[in-house]
file entry.pdb (PDB, C-alpha atoms)
ATOM      1  CA  MET A   1       0.000   0.000   0.000  1.00  0.00           C
ATOM      2  CA  LYS A   2       1.062   3.574  -0.526  1.00  0.00           C
ATOM      3  CA  TYR A   3      -0.287   6.628   1.253  1.00  0.00           C
ATOM      4  CA  LYS A   4       1.079  10.161   1.032  1.00  0.00           C
ATOM      5  CA  GLY A   5       4.420   8.906  -0.301  1.00  0.00           C
ATOM      6  CA  LYS A   6       4.972   6.235   2.340  1.00  0.00           C
ATOM      7  CA  ASP A   7       4.910   2.454   1.700  1.00  0.00           C
ATOM      8  CA  TYR A   8       2.991   0.062   3.960  1.00  0.00           C
ATOM      9  CA  TYR A   9       2.518  -3.691   3.945  1.00  0.00           C
ATOM     10  CA  ALA A  10       0.928  -6.527   5.879  1.00  0.00           C
ATOM     11  CA  VAL A  11       1.653 -10.262   5.665  1.00  0.00           C
ATOM     12  CA  TYR A  12      -0.899 -12.941   6.489  1.00  0.00           C
ATOM     13  CA  ARG A  13      -0.319 -16.697   6.642  1.00  0.00           C
ATOM     14  CA  GLY A  14      -2.768 -19.420   5.710  1.00  0.00           C
ATOM     15  CA  PHE A  15      -4.922 -17.073   3.604  1.00  0.00           C
ATOM     16  CA  LYS A  16      -7.769 -18.992   1.971  1.00  0.00           C
ATOM     17  CA  VAL A  17     -10.854 -18.133  -0.094  1.00  0.00           C
ATOM     18  CA  GLU A  18     -13.515 -20.831  -0.324  1.00  0.00           C
ATOM     19  CA  ASN A  19     -15.734 -21.649  -3.312  1.00  0.00           C
ATOM     20  CA  GLU A  20     -19.016 -20.168  -4.550  1.00  0.00           C
ATOM     21  CA  ALA A  21     -21.137 -22.561  -2.437  1.00  0.00           C
ATOM     22  CA  ALA A  22     -19.370 -21.177   0.665  1.00  0.00           C
ATOM     23  CA  LYS A  23     -19.962 -17.611  -0.603  1.00  0.00           C
ATOM     24  CA  TYR A  24     -16.222 -17.079  -1.119  1.00  0.00           C
ATOM     25  CA  LYS A  25     -15.590 -17.067   2.621  1.00  0.00           C
ATOM     26  CA  MET A  26     -12.125 -15.743   3.466  1.00  0.00           C
ATOM     27  CA  SER A  27      -9.971 -16.880   6.345  1.00  0.00           C
ATOM     28  CA  TYR A  28      -6.374 -16.765   7.441  1.00  0.00           C
ATOM     29  CA  THR A  29      -4.437 -18.373  10.262  1.00  0.00           C
ATOM     30  CA  SER A  30      -2.172 -15.540  11.400  1.00  0.00           C
ATOM     31  CA  PHE A  31      -0.929 -12.007  10.884  1.00  0.00           C
ATOM     32  CA  SER A  32       2.801 -12.434  10.554  1.00  0.00           C
ATOM     33  CA  GLY A  33       4.087  -8.923  10.191  1.00  0.00           C
ATOM     34  CA  GLY A  34       4.372  -5.741   8.267  1.00  0.00           C
ATOM     35  CA  ASN A  35       4.578  -2.093   9.172  1.00  0.00           C
ATOM     36  CA  VAL A  36       0.861  -1.624   9.874  1.00  0.00           C
ATOM     37  CA  GLU A  37      -1.519  -2.748  12.581  1.00  0.00           C
ATOM     38  CA  ASP A  38      -3.565  -5.876  11.857  1.00  0.00           C
ATOM     39  CA  GLN A  39      -6.800  -4.252  10.745  1.00  0.00           C
ATOM     40  CA  PHE A  40      -7.924  -7.341   8.816  1.00  0.00           C
ATOM     41  CA  SER A  41      -8.881  -9.448  11.847  1.00  0.00           C
ATOM     42  CA  SER A  42     -12.530  -8.289  11.879  1.00  0.00           C
ATOM     43  CA  HIS A  43     -12.834  -9.603   8.310  1.00  0.00           C
ATOM     44  CA  ASN A  44     -11.415 -13.063   9.081  1.00  0.00           C
ATOM     45  CA  GLY A  45     -14.095 -15.709   8.492  1.00  0.00           C
ATOM     46  CA  GLN A  46     -16.412 -13.401   6.544  1.00  0.00           C
ATOM     47  CA  GLU A  47     -18.258 -14.261   3.354  1.00  0.00           C
ATOM     48  CA  PHE A  48     -17.852 -11.976   0.343  1.00  0.00           C
ATOM     49  CA  THR A  49     -20.547  -9.315  -0.046  1.00  0.00           C
ATOM     50  CA  THR A  50     -21.450  -7.640  -3.346  1.00  0.00           C
ATOM     51  CA  ILE A  51     -24.237  -5.249  -4.302  1.00  0.00           C
ATOM     52  CA  ASP A  52     -26.417  -8.216  -5.308  1.00  0.00           C
ATOM     53  CA  SER A  53     -25.324 -10.704  -2.616  1.00  0.00           C
ATOM     54  CA  ASP A  54     -25.530  -9.285   0.916  1.00  0.00           C
ATOM     55  CA  ASN A  55     -23.538 -11.624   3.181  1.00  0.00           C
ATOM     56  CA  ASP A  56     -22.293  -9.090   5.729  1.00  0.00           C
ATOM     57  CA  ARG A  57     -23.437  -8.774   9.346  1.00  0.00           C
ATOM     58  CA  TRP A  58     -24.732  -5.200   9.078  1.00  0.00           C
ATOM     59  CA  SER A  59     -28.447  -5.210   9.877  1.00  0.00           C
ATOM     60  CA  GLY A  60     -28.829  -1.639   8.559  1.00  0.00           C
ATOM     61  CA  GLY A  61     -28.161  -2.449   4.910  1.00  0.00           C
ATOM     62  CA  ASN A  62     -25.647  -3.842   2.455  1.00  0.00           C
ATOM     63  CA  CYS A  63     -22.044  -2.802   3.090  1.00  0.00           C
ATOM     64  CA  ALA A  64     -21.081  -3.248  -0.592  1.00  0.00           C
ATOM     65  CA  VAL A  65     -23.752  -0.762  -1.648  1.00  0.00           C
ATOM     66  CA  ASP A  66     -22.954   1.705   1.131  1.00  0.00           C
ATOM     67  CA  ARG A  67     -19.150   1.378   0.897  1.00  0.00           C
ATOM     68  CA  ARG A  68     -19.044   1.293  -2.914  1.00  0.00           C
ATOM     69  CA  GLY A  69     -17.482  -2.114  -3.582  1.00  0.00           C
ATOM     70  CA  GLY A  70     -17.516  -5.819  -2.843  1.00  0.00           C
ATOM     71  CA  TRP A  71     -15.462  -7.117   0.082  1.00  0.00           C
ATOM     72  CA  TRP A  72     -15.345  -9.515   3.032  1.00  0.00           C
ATOM     73  CA  TYR A  73     -17.383  -7.172   5.191  1.00  0.00           C
ATOM     74  CA  ASN A  74     -18.337  -7.737   8.785  1.00  0.00           C
ATOM     75  CA  GLU A  75     -20.302  -4.707  10.055  1.00  0.00           C
ATOM     76  CA  CYS A  76     -18.845  -3.110   7.620  1.00  0.00           C
ATOM     77  CA  HIS A  77     -15.029  -2.657   7.578  1.00  0.00           C
ATOM     78  CA  ASN A  78     -11.656  -1.689   8.956  1.00  0.00           C
ATOM     79  CA  VAL A  79     -10.068  -2.612   5.629  1.00  0.00           C
ATOM     80  CA  ASN A  80     -11.630  -2.049   2.220  1.00  0.00           C
ATOM     81  CA  VAL A  81      -9.381  -2.060  -0.822  1.00  0.00           C
ATOM     82  CA  ASN A  82     -12.380  -2.201  -3.176  1.00  0.00           C
ATOM     83  CA  GLY A  83     -13.897   1.136  -2.194  1.00  0.00           C
ATOM     84  CA  GLU A  84     -14.312   4.146  -4.447  1.00  0.00           C
ATOM     85  CA  TRP A  85     -10.947   5.191  -5.856  1.00  0.00           C
ATOM     86  CA  ALA A  86      -9.553   8.442  -4.366  1.00  0.00           C
ATOM     87  CA  SER A  87     -12.769   9.140  -2.444  1.00  0.00           C
ATOM     88  CA  ARG A  88     -12.510  11.410   0.563  1.00  0.00           C
ATOM     89  CA  VAL A  89     -16.177  10.882   1.391  1.00  0.00           C
ATOM     90  CA  TYR A  90     -16.517   9.305   4.845  1.00  0.00           C
ATOM     91  CA  LYS A  91     -16.266   5.461   4.624  1.00  0.00           C
ATOM     92  CA  LYS A  92     -16.511   5.374   0.804  1.00  0.00           C
ATOM     93  CA  GLY A  93     -12.821   5.216  -0.177  1.00  0.00           C
ATOM     94  CA  ILE A  94     -10.016   2.658  -0.158  1.00  0.00           C
ATOM     95  CA  HIS A  95      -9.140   2.190   3.498  1.00  0.00           C
ATOM     96  CA  TRP A  96      -6.774   0.552   5.889  1.00  0.00           C
ATOM     97  CA  TYR A  97      -8.157   2.171   9.007  1.00  0.00           C
ATOM     98  CA  SER A  98      -4.897   2.617  10.957  1.00  0.00           C
ATOM     99  CA  ILE A  99      -3.403   4.425   7.931  1.00  0.00           C
ATOM    100  CA  THR A 100      -6.281   6.435   6.434  1.00  0.00           C
ATOM    101  CA  ASP A 101      -9.077   6.232   9.025  1.00  0.00           C
ATOM    102  CA  TYR A 102     -12.425   6.506   7.166  1.00  0.00           C
ATOM    103  CA  SER A 103     -12.036   9.958   5.667  1.00  0.00           C
ATOM    104  CA  ASP A 104      -9.267   9.417   3.112  1.00  0.00           C
ATOM    105  CA  SER A 105      -8.152   6.830   0.545  1.00  0.00           C
ATOM    106  CA  LEU A 106      -4.952   4.909   0.005  1.00  0.00           C
ATOM    107  CA  ASP A 107      -3.057   6.159  -3.049  1.00  0.00           C
ATOM    108  CA  PHE A 108      -2.145   2.652  -4.211  1.00  0.00           C
ATOM    109  CA  VAL A 109      -2.890  -0.880  -3.087  1.00  0.00           C
ATOM    110  CA  LEU A 110      -1.860  -4.294  -4.367  1.00  0.00           C
ATOM    111  CA  MET A 111      -3.016  -7.586  -2.881  1.00  0.00           C
ATOM    112  CA  LYS A 112      -0.883 -10.620  -3.704  1.00  0.00           C
ATOM    113  CA  LEU A 113      -1.618 -14.266  -2.966  1.00  0.00           C
ATOM    114  CA  ARG A 114       0.969 -17.004  -3.156  1.00  0.00           C
ATOM    115  CA  GLN A 115       0.116 -20.696  -3.271  1.00  0.00           C
ATOM    116  CA  MET A 116       2.205 -22.549  -0.738  1.00  0.00           C
TER     117      MET A 116
END

call {"tool": "encode", "arguments": {"input": "entry.pdb", "output": "structure tokens"}}
result
Amino acid sequence: MKYKGKDYYAVYRGFKVENEAAKYKMSYTSFSGGNVEDQFSSHNGQEFTTIDSDNDRWSGGNCAVDRRGGWWYNECHNVNVNGEWASRVYKKGIHWYSITDYSDSLDFVLMKLRQM
């Protein structure tokens, strides 16, 4: 991730995304480092939510509609790399909460998965 000229990263072990029948549930076994706080833990074990498939735990609506992109939402997010690009509208942008809070967007994000 990049924000205001500074690079950030997080490493997770045992990252897994299940199949369509399991609603693309995401899980991981551990946060193993980086230069950011583990903001992903509230998303661990969540099913993927999209505008037409509301699998989040928010009783007030659909997080993907409200937060402008599909993601492994809980009630809704601490991390959302599928938000609205460059948005500075509260909770609508691309967030890693400990870096941007909810009122700004990351400048760049790349998510890599490696099969072990």

call {"tool": "residues_around", "arguments": {"input": "entry.pdb", "residues": "range 12-15 of chain A", "least_positions_apart": "4", "cutoff": "6 Å", "atoms": "all atoms listed in the file", "output": "list in words"}}
result
Ser27, Tyr28, Thr29, Ser30, Phe31 and Ser32 of chain A

call {"tool": "residues_around", "arguments": {"input": "entry.pdb", "residues": "Asp7 in chain A", "least_positions_apart": "6", "cutoff": "12 Å", "atoms": "all atoms listed in the file", "output": "number ranges by chain"}}
result
A: 1, 34-36, 99, 106-110

call {"tool": "write_last_selection", "arguments": {"input": "entry.pdb", "atoms": "C-alpha atoms", "output": "compact mmCIF listing (two decimals), in the frame of the given file"}}
result
# COMPACT_ATOMS: atom_id res chain seq x y z
CA MET A 1 0.00 0.00 0.00
CA GLY A 34 4.37 -5.74 8.27
CA ASN A 35 4.58 -2.09 9.17
CA VAL A 36 0.86 -1.62 9.87
CA ILE A 99 -3.40 4.42 7.93
CA LEU A 106 -4.95 4.91 0.00
CA ASP A 107 -3.06 6.16 -3.05
CA PHE A 108 -2.14 2.65 -4.21
CA VAL A 109 -2.89 -0.88 -3.09
CA LEU A 110 -1.86 -4.29 -4.37

call {"tool": "resolve_selection", "arguments": {"input": "entry.pdb", "expression": "the PyMOL selection byres ((chain A and resi 81) around 7)", "output": "number ranges by chain"}}
result
A: 79-80, 82-83, 94-95, 109

call {"tool": "write_last_selection", "arguments": {"input": "entry.pdb", "atoms": "C-alpha atoms", "output": "JSON list (two decimals), in the frame of the given file"}}
result
[["chain", "number", "residue", "atom", "x", "y", "z"],
["A", 79, "VAL", "CA", -10.07, -2.61, 5.63],
["A", 80, "ASN", "CA", -11.63, -2.05, 2.22],
["A", 82, "ASN", "CA", -12.38, -2.20, -3.18],
["A", 83, "GLY", "CA", -13.90, 1.14, -2.19],
["A", 94, "ILE", "CA", -10.02, 2.66, -0.16],
["A", 95, "HIS", "CA", -9.14, 2.19, 3.50],
["A", 109, "VAL", "CA", -2.89, -0.88, -3.09]]

call {"tool": "residues_around", "arguments": {"input": "entry.pdb", "residues": "Gln39 in chain A", "least_positions_apart": "5", "cutoff": "8 Å", "atoms": "only C-alpha atoms", "output": "list in words"}}
result
Asn78, Val79, Trp96, Tyr97 and Ser98 of chain A

call {"tool": "atom_distance", "arguments": {"input": "entry.pdb", "atom1": "CA of Asn44 in chain A", "atom2": "CA of Trp71 in chain A"}}
result
11.5 Å

call {"tool": "build_atoms", "arguments": {"input": "entry.pdb", "residues": "range 37-60 of chain A", "atoms": "N, CA, C and O atoms", "output": "mmCIF file, keeping the file's coordinate frame"}}
result
data_model
loop_
_atom_site.group_PDB
_atom_site.id
_atom_site.type_symbol
_atom_site.label_atom_id
_atom_site.label_comp_id
_atom_site.auth_asym_id
_atom_site.auth_seq_id
_atom_site.Cartn_x
_atom_site.Cartn_y
_atom_site.Cartn_z
ATOM 1 N N GLU A 37 -0.760 -1.958 11.621
ATOM 2 C CA GLU A 37 -1.519 -2.748 12.581
ATOM 3 C C GLU A 37 -2.374 -3.760 11.822
ATOM 4 O O GLU A 37 -2.789 -3.510 10.691
ATOM 5 N N ASP A 38 -2.674 -4.878 12.450
ATOM 6 C CA ASP A 38 -3.565 -5.876 11.857
ATOM 7 C C ASP A 38 -5.001 -5.354 11.921
ATOM 8 O O ASP A 38 -5.670 -5.475 12.917
ATOM 9 N N GLN A 39 -5.433 -4.759 10.837
ATOM 10 C CA GLN A 39 -6.800 -4.252 10.745
ATOM 11 C C GLN A 39 -7.726 -5.274 10.076
ATOM 12 O O GLN A 39 -8.932 -5.069 10.007
ATOM 13 N N PHE A 40 -7.162 -6.361 9.587
ATOM 14 C CA PHE A 40 -7.924 -7.341 8.816
ATOM 15 C C PHE A 40 -8.669 -8.342 9.694
ATOM 16 O O PHE A 40 -9.531 -9.062 9.222
ATOM 17 N N SER A 41 -8.343 -8.392 10.984
ATOM 18 C CA SER A 41 -8.881 -9.448 11.847
ATOM 19 C C SER A 41 -10.412 -9.451 11.914
ATOM 20 O O SER A 41 -11.015 -10.519 12.015
ATOM 21 N N SER A 42 -11.067 -8.305 11.836
ATOM 22 C CA SER A 42 -12.530 -8.289 11.879
ATOM 23 C C SER A 42 -13.153 -8.863 10.608
ATOM 24 O O SER A 42 -14.343 -9.166 10.570
ATOM 25 N N HIS A 43 -12.355 -9.042 9.572
ATOM 26 C CA HIS A 43 -12.834 -9.603 8.310
ATOM 27 C C HIS A 43 -12.596 -11.111 8.222
ATOM 28 O O HIS A 43 -13.163 -11.778 7.355
ATOM 29 N N ASN A 44 -11.759 -11.641 9.106
ATOM 30 C CA ASN A 44 -11.415 -13.063 9.081
ATOM 31 C C ASN A 44 -12.670 -13.901 9.304
ATOM 32 O O ASN A 44 -13.406 -13.700 10.265
ATOM 33 N N GLY A 45 -12.926 -14.831 8.394
ATOM 34 C CA GLY A 45 -14.095 -15.709 8.492
ATOM 35 C C GLY A 45 -15.344 -15.158 7.843
ATOM 36 O O GLY A 45 -16.411 -15.771 7.918
ATOM 37 N N GLN A 46 -15.236 -14.016 7.171
ATOM 38 C CA GLN A 46 -16.412 -13.401 6.544
ATOM 39 C C GLN A 46 -16.627 -13.918 5.127
ATOM 40 O O GLN A 46 -15.678 -14.226 4.410
ATOM 41 N N GLU A 47 -17.889 -13.953 4.733
ATOM 42 C CA GLU A 47 -18.258 -14.261 3.354
ATOM 43 C C GLU A 47 -18.167 -12.981 2.534
ATOM 44 O O GLU A 47 -18.263 -11.884 3.079
ATOM 45 N N PHE A 48 -17.997 -13.130 1.228
ATOM 46 C CA PHE A 48 -17.852 -11.976 0.343
ATOM 47 C C PHE A 48 -19.222 -11.363 0.070
ATOM 48 O O PHE A 48 -20.180 -12.065 -0.248
ATOM 49 N N THR A 49 -19.309 -10.049 0.211
ATOM 50 C CA THR A 49 -20.547 -9.315 -0.046
ATOM 51 C C THR A 49 -20.390 -8.466 -1.296
ATOM 52 O O THR A 49 -19.364 -7.794 -1.465
ATOM 53 N N THR A 50 -21.390 -8.497 -2.165
ATOM 54 C CA THR A 50 -21.450 -7.640 -3.346
ATOM 55 C C THR A 50 -22.781 -6.893 -3.323
ATOM 56 O O THR A 50 -23.629 -7.156 -2.466
ATOM 57 N N ILE A 51 -22.985 -6.012 -4.289
ATOM 58 C CA ILE A 51 -24.237 -5.249 -4.302
ATOM 59 C C ILE A 51 -25.459 -6.145 -4.478
ATOM 60 O O ILE A 51 -26.540 -5.796 -4.032
ATOM 61 N N ASP A 52 -25.279 -7.314 -5.090
ATOM 62 C CA ASP A 52 -26.417 -8.216 -5.308
ATOM 63 C C ASP A 52 -26.358 -9.486 -4.455
ATOM 64 O O ASP A 52 -27.172 -10.390 -4.639
ATOM 65 N N SER A 53 -25.426 -9.549 -3.512
ATOM 66 C CA SER A 53 -25.324 -10.704 -2.616
ATOM 67 C C SER A 53 -24.847 -10.217 -1.240
ATOM 68 O O SER A 53 -23.649 -10.130 -0.976
ATOM 69 N N ASP A 54 -25.805 -9.885 -0.387
ATOM 70 C CA ASP A 54 -25.530 -9.285 0.916
ATOM 71 C C ASP A 54 -25.252 -10.375 1.941
ATOM 72 O O ASP A 54 -26.156 -11.005 2.467
ATOM 73 N N ASN A 55 -23.962 -10.598 2.228
ATOM 74 C CA ASN A 55 -23.538 -11.624 3.181
ATOM 75 C C ASN A 55 -22.873 -11.032 4.416
ATOM 76 O O ASN A 55 -22.294 -11.764 5.217
ATOM 77 N N ASP A 56 -22.927 -9.722 4.573
ATOM 78 C CA ASP A 56 -22.293 -9.090 5.729
ATOM 79 C C ASP A 56 -23.196 -9.186 6.956
ATOM 80 O O ASP A 56 -24.314 -9.672 6.882
ATOM 81 N N ARG A 57 -22.698 -8.702 8.081
ATOM 82 C CA ARG A 57 -23.437 -8.774 9.346
ATOM 83 C C ARG A 57 -24.082 -7.443 9.731
ATOM 84 O O ARG A 57 -24.529 -7.268 10.856
ATOM 85 N N TRP A 58 -24.145 -6.510 8.803
ATOM 86 C CA TRP A 58 -24.732 -5.200 9.078
ATOM 87 C C TRP A 58 -26.239 -5.275 8.889
ATOM 88 O O TRP A 58 -26.722 -5.477 7.779
ATOM 89 N N SER A 59 -26.985 -5.118 9.947
ATOM 90 C CA SER A 59 -28.447 -5.210 9.877
ATOM 91 C C SER A 59 -29.070 -3.969 9.241
ATOM 92 O O SER A 59 -30.229 -3.995 8.839
ATOM 93 N N GLY A 60 -28.298 -2.882 9.105
ATOM 94 C CA GLY A 60 -28.829 -1.639 8.559
ATOM 95 C C GLY A 60 -28.772 -1.521 7.053
ATOM 96 O O GLY A 60 -29.192 -0.508 6.497
#
